[in-house]
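Engineer: Structure incoming, see below.
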Amino acid sequence: TRSALQVATLTAVIKQHLLEPHRPFVLTAPPTLRLTDPSQTLLQAGLVPTALLQLRWNDNGSADGRVMLRPEFMSTMVPLDDVSQRRIG
């Protein structure tokens with residue numbers, strides 16, 4: 001099941017969609033969760049059944065308003081408001 005996947009797998013998938021996959025980053029989940037143990041499963045990390053994650057560069061750099069994701073991935077994105085309405089409606 002997906003809950004048995006490791007944080008390392010999630011990180012690898014995210015790297016595939018970044019314009020700068022070589023830059024170090026950390027994943028966080030509000031309010032204080034930092035995903036720092038790559039061997040943890042998604043369930044152990046508290047990401048199941050759902051989670052909203054933030055990506056923060058870990059090299060003192062910033063995105064400076066630049067797009068961080070590959071265009072082919074950006075084109076598949078749906079605003080969160082649209083997703084919420086689909087679940088409710």
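Ligands are numbered from 1 in the order shown, residues from 1 within each chain, and chains are lettered A, B, ... in the order they appear in the structure tokens.
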Can you pull out the residues contacting Glu20 (chain A)? Cut-off 12 Å, using only C-alpha atoms, and skip same-chain residues under 5 positions away; I want them as an MDAnalysis selection string.
Structural biologist: chainID A and resid 14:15 25 57 61:63 66:70
Engineer: Tell me, as a JSON list (two decimals) with all heavy atoms, in the first residue's frame, which residues lie within 7 Å of Gln54 (chain A), counting only C-alpha atoms; anything in the same chain fewer than 6 positions away does not count.
Structural biologist:
```json
[["chain", "number", "residue", "atom", "x", "y", "z"],
["A", 27, "LEU", "N", 11.19, 18.70, 3.32],
["A", 27, "LEU", "CA", 9.74, 18.72, 3.25],
["A", 27, "LEU", "C", 9.20, 18.96, 4.66],
["A", 27, "LEU", "O", 9.66, 18.34, 5.62],
["A", 27, "LEU", "CB", 9.20, 17.40, 2.70],
["A", 27, "LEU", "CG", 9.56, 17.11, 1.26],
["A", 27, "LEU", "CD1", 9.12, 15.70, 0.89],
["A", 27, "LEU", "CD2", 8.94, 18.13, 0.32],
["A", 28, "THR", "N", 8.23, 19.85, 4.74],
["A", 28, "THR", "CA", 7.60, 20.13, 6.03],
["A", 28, "THR", "C", 6.09, 20.03, 5.87],
["A", 28, "THR", "O", 5.56, 20.19, 4.78],
["A", 28, "THR", "CB", 7.97, 21.54, 6.55],
["A", 28, "THR", "OG1", 7.50, 22.52, 5.63],
["A", 28, "THR", "CG2", 9.46, 21.69, 6.74],
["A", 29, "ALA", "N", 5.44, 19.75, 6.98],
["A", 29, "ALA", "CA", 3.98, 19.74, 7.04],
["A", 29, "ALA", "C", 3.58, 20.62, 8.21],
["A", 29, "ALA", "O", 4.09, 20.42, 9.32],
["A", 29, "ALA", "CB", 3.44, 18.32, 7.20]]
```
Engineer: As an exercise, work out the distance from CA of Leu53 (chain A) to CA of Pro30 (chain A) in Å and give it to one decimal place.
Structural biologist: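 It comes out at 7.5 Å.
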Engineer: Calculate how many Å separate CA of Val13 (chain A) from CA of Thr32 (chain A), rounding to one decimal.
Structural biologist: 22.5 Å
Engineer: Between CA of Asn58 (chain A) and CA of Ala8 (chain A), what is the distance, to one decimal in Å?
Structural biologist: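 Interatomic distance, CA of Asn58 (chain A) to CA of Ala8 (chain A): 16.1 Å.
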Engineer: List the spatial neighbours of Glu72 (chain A) as a PyMOL selection string - criterion: any atom at most 12 Å away, only C-alpha atoms, same-chain residues fewer than 5 positions off excluded.
Structural biologist: chain A and resi 16-19+77
Engineer: Would you mind exporting N, CA and C atoms of the selected residues as a PDB file, in the first residue's frame?
Structural biologist:
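Output saved as result.pdb:
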```pdb
ATOM      1  N   GLN A  16      12.044  14.402  -9.252  1.00  0.00           N
ATOM      2  CA  GLN A  16      11.792  14.199 -10.684  1.00  0.00           C
ATOM      3  C   GLN A  16      11.040  15.367 -11.303  1.00  0.00           C
ATOM      4  N   HIS A  17      10.305  16.109 -10.484  1.00  0.00           N
ATOM      5  CA  HIS A  17       9.475  17.196 -10.988  1.00  0.00           C
ATOM      6  C   HIS A  17      10.061  18.584 -10.760  1.00  0.00           C
ATOM      7  N   LEU A  18      11.234  18.656 -10.133  1.00  0.00           N
ATOM      8  CA  LEU A  18      11.868  19.943  -9.874  1.00  0.00           C
ATOM      9  C   LEU A  18      12.742  20.387 -11.039  1.00  0.00           C
ATOM     10  N   LEU A  19      12.800  21.687 -11.271  1.00  0.00           N
ATOM     11  CA  LEU A  19      13.706  22.223 -12.280  1.00  0.00           C
ATOM     12  C   LEU A  19      15.162  22.104 -11.836  1.00  0.00           C
ATOM     13  N   MET A  77      -1.463  20.580 -12.720  1.00  0.00           N
ATOM     14  CA  MET A  77      -1.903  21.011 -11.394  1.00  0.00           C
ATOM     15  C   MET A  77      -3.330  21.548 -11.415  1.00  0.00           C
TER      16      MET A  77
END
```
Engineer: I'd like the neighbourhood of Ala4 (chain A) as a PyMOL selection string, where a residue qualifies if any of its atoms comes within 12 Å (using only C-alpha atoms), though same-chain residues fewer than 4 positions away should be ignored.
Structural biologist: chain A and resi 8-10+39-49
Engineer: Next, dump the selected residues to file, keeping only N, CA, C and O atoms, as a PDB file, in the first residue's frame.
Structural biologist:
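Listing of again.pdb after writing:
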```pdb
ATOM      1  N   ALA A   8      11.799   8.517   1.622  1.00  0.00           N
ATOM      2  CA  ALA A   8      12.826   8.575   0.575  1.00  0.00           C
ATOM      3  C   ALA A   8      12.200   8.431  -0.810  1.00  0.00           C
ATOM      4  O   ALA A   8      12.625   9.094  -1.768  1.00  0.00           O
ATOM      5  N   THR A   9      11.183   7.595  -0.950  1.00  0.00           N
ATOM      6  CA  THR A   9      10.492   7.411  -2.231  1.00  0.00           C
ATOM      7  C   THR A   9       9.746   8.678  -2.602  1.00  0.00           C
ATOM      8  O   THR A   9       9.797   9.129  -3.752  1.00  0.00           O
ATOM      9  N   LEU A  10       9.062   9.270  -1.641  1.00  0.00           N
ATOM     10  CA  LEU A  10       8.352  10.522  -1.878  1.00  0.00           C
ATOM     11  C   LEU A  10       9.332  11.610  -2.320  1.00  0.00           C
ATOM     12  O   LEU A  10       9.081  12.337  -3.286  1.00  0.00           O
ATOM     13  N   SER A  39      13.911   6.866   6.024  1.00  0.00           N
ATOM     14  CA  SER A  39      13.496   5.467   6.177  1.00  0.00           C
ATOM     15  C   SER A  39      12.087   5.337   6.749  1.00  0.00           C
ATOM     16  O   SER A  39      11.514   4.252   6.734  1.00  0.00           O
ATOM     17  N   GLN A  40      11.515   6.432   7.249  1.00  0.00           N
ATOM     18  CA  GLN A  40      10.149   6.393   7.783  1.00  0.00           C
ATOM     19  C   GLN A  40       9.162   6.100   6.666  1.00  0.00           C
ATOM     20  O   GLN A  40       9.334   6.548   5.536  1.00  0.00           O
ATOM     21  N   THR A  41       8.117   5.367   7.006  1.00  0.00           N
ATOM     22  CA  THR A  41       7.042   5.183   6.026  1.00  0.00           C
ATOM     23  C   THR A  41       6.138   6.409   6.060  1.00  0.00           C
ATOM     24  O   THR A  41       6.186   7.199   7.008  1.00  0.00           O
ATOM     25  N   LEU A  42       5.328   6.562   5.030  1.00  0.00           N
ATOM     26  CA  LEU A  42       4.394   7.689   4.999  1.00  0.00           C
ATOM     27  C   LEU A  42       3.439   7.612   6.183  1.00  0.00           C
ATOM     28  O   LEU A  42       3.079   8.632   6.769  1.00  0.00           O
ATOM     29  N   LEU A  43       3.047   6.402   6.579  1.00  0.00           N
ATOM     30  CA  LEU A  43       2.174   6.229   7.739  1.00  0.00           C
ATOM     31  C   LEU A  43       2.883   6.672   9.018  1.00  0.00           C
ATOM     32  O   LEU A  43       2.335   7.424   9.814  1.00  0.00           O
ATOM     33  N   GLN A  44       4.116   6.232   9.212  1.00  0.00           N
ATOM     34  CA  GLN A  44       4.875   6.605  10.405  1.00  0.00           C
ATOM     35  C   GLN A  44       5.098   8.120  10.478  1.00  0.00           C
ATOM     36  O   GLN A  44       5.138   8.696  11.558  1.00  0.00           O
ATOM     37  N   ALA A  45       5.235   8.754   9.323  1.00  0.00           N
ATOM     38  CA  ALA A  45       5.478  10.199   9.272  1.00  0.00           C
ATOM     39  C   ALA A  45       4.199  11.008   9.472  1.00  0.00           C
ATOM     40  O   ALA A  45       4.243  12.227   9.545  1.00  0.00           O
ATOM     41  N   GLY A  46       3.062  10.333   9.535  1.00  0.00           N
ATOM     42  CA  GLY A  46       1.796  11.027   9.743  1.00  0.00           C
ATOM     43  C   GLY A  46       1.218  11.634   8.480  1.00  0.00           C
ATOM     44  O   GLY A  46       0.417  12.562   8.534  1.00  0.00           O
ATOM     45  N   LEU A  47       1.606  11.102   7.331  1.00  0.00           N
ATOM     46  CA  LEU A  47       1.148  11.643   6.049  1.00  0.00           C
ATOM     47  C   LEU A  47      -0.033  10.883   5.460  1.00  0.00           C
ATOM     48  O   LEU A  47      -0.454  11.167   4.349  1.00  0.00           O
ATOM     49  N   VAL A  48      -0.546   9.910   6.185  1.00  0.00           N
ATOM     50  CA  VAL A  48      -1.651   9.096   5.708  1.00  0.00           C
ATOM     51  C   VAL A  48      -2.855   9.380   6.584  1.00  0.00           C
ATOM     52  O   VAL A  48      -2.706   9.458   7.810  1.00  0.00           O
ATOM     53  N   PRO A  49      -4.016   9.588   6.070  1.00  0.00           N
ATOM     54  CA  PRO A  49      -4.448   9.359   4.694  1.00  0.00           C
ATOM     55  C   PRO A  49      -4.170  10.532   3.746  1.00  0.00           C
ATOM     56  O   PRO A  49      -4.201  10.360   2.535  1.00  0.00           O
TER      57      PRO A  49
END
```
Engineer: Between A:Asp59, A:Leu80, A:Ser75, A:Val7, which one has atoms that come closest to His22 (chain A), using only C-alpha atoms?
Structural biologist: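 Closest to His22 (chain A), using only C-alpha atoms: A:Asp59.
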Engineer: Just the alpha helix (DSSP H) stuff from region 18-76 of chain A, please, per backbone DSSP, written as a PyMOL selection string.
Structural biologist: chain A and resi 71-74
Engineer: Keeping N, CA, C and O atoms for every residue in the selection just given, could you write it to a file as a CSV table (one decimal), in the first residue's frame?
Structural biologist:
```csv
chain,number,residue,atom,x,y,z
A,71,PRO,N,7.7,22.4,-16.3
A,71,PRO,CA,6.4,22.8,-17.0
A,71,PRO,C,5.4,21.7,-17.2
A,71,PRO,O,4.2,21.9,-17.1
A,72,GLU,N,5.9,20.5,-17.6
A,72,GLU,CA,5.0,19.4,-17.8
A,72,GLU,C,4.2,19.0,-16.6
A,72,GLU,O,3.1,18.5,-16.7
A,73,PHE,N,4.8,19.2,-15.4
A,73,PHE,CA,4.1,18.9,-14.2
A,73,PHE,C,3.2,20.0,-13.8
A,73,PHE,O,2.1,19.8,-13.4
A,74,MET,N,3.6,21.3,-14.0
A,74,MET,CA,2.8,22.4,-13.7
A,74,MET,C,1.5,22.4,-14.5
A,74,MET,O,0.5,22.8,-14.0
```
Engineer: Apply DSSP to the backbone of this structure and, from chain A, keep only the residues in strand (DSSP E); write these as a list in words.
Structural biologist: Phe25, Val26, Leu27, Thr28, Ala29, Leu33, Arg34, Leu35, Gln54, Leu55, Arg56 and Trp57 of chain A
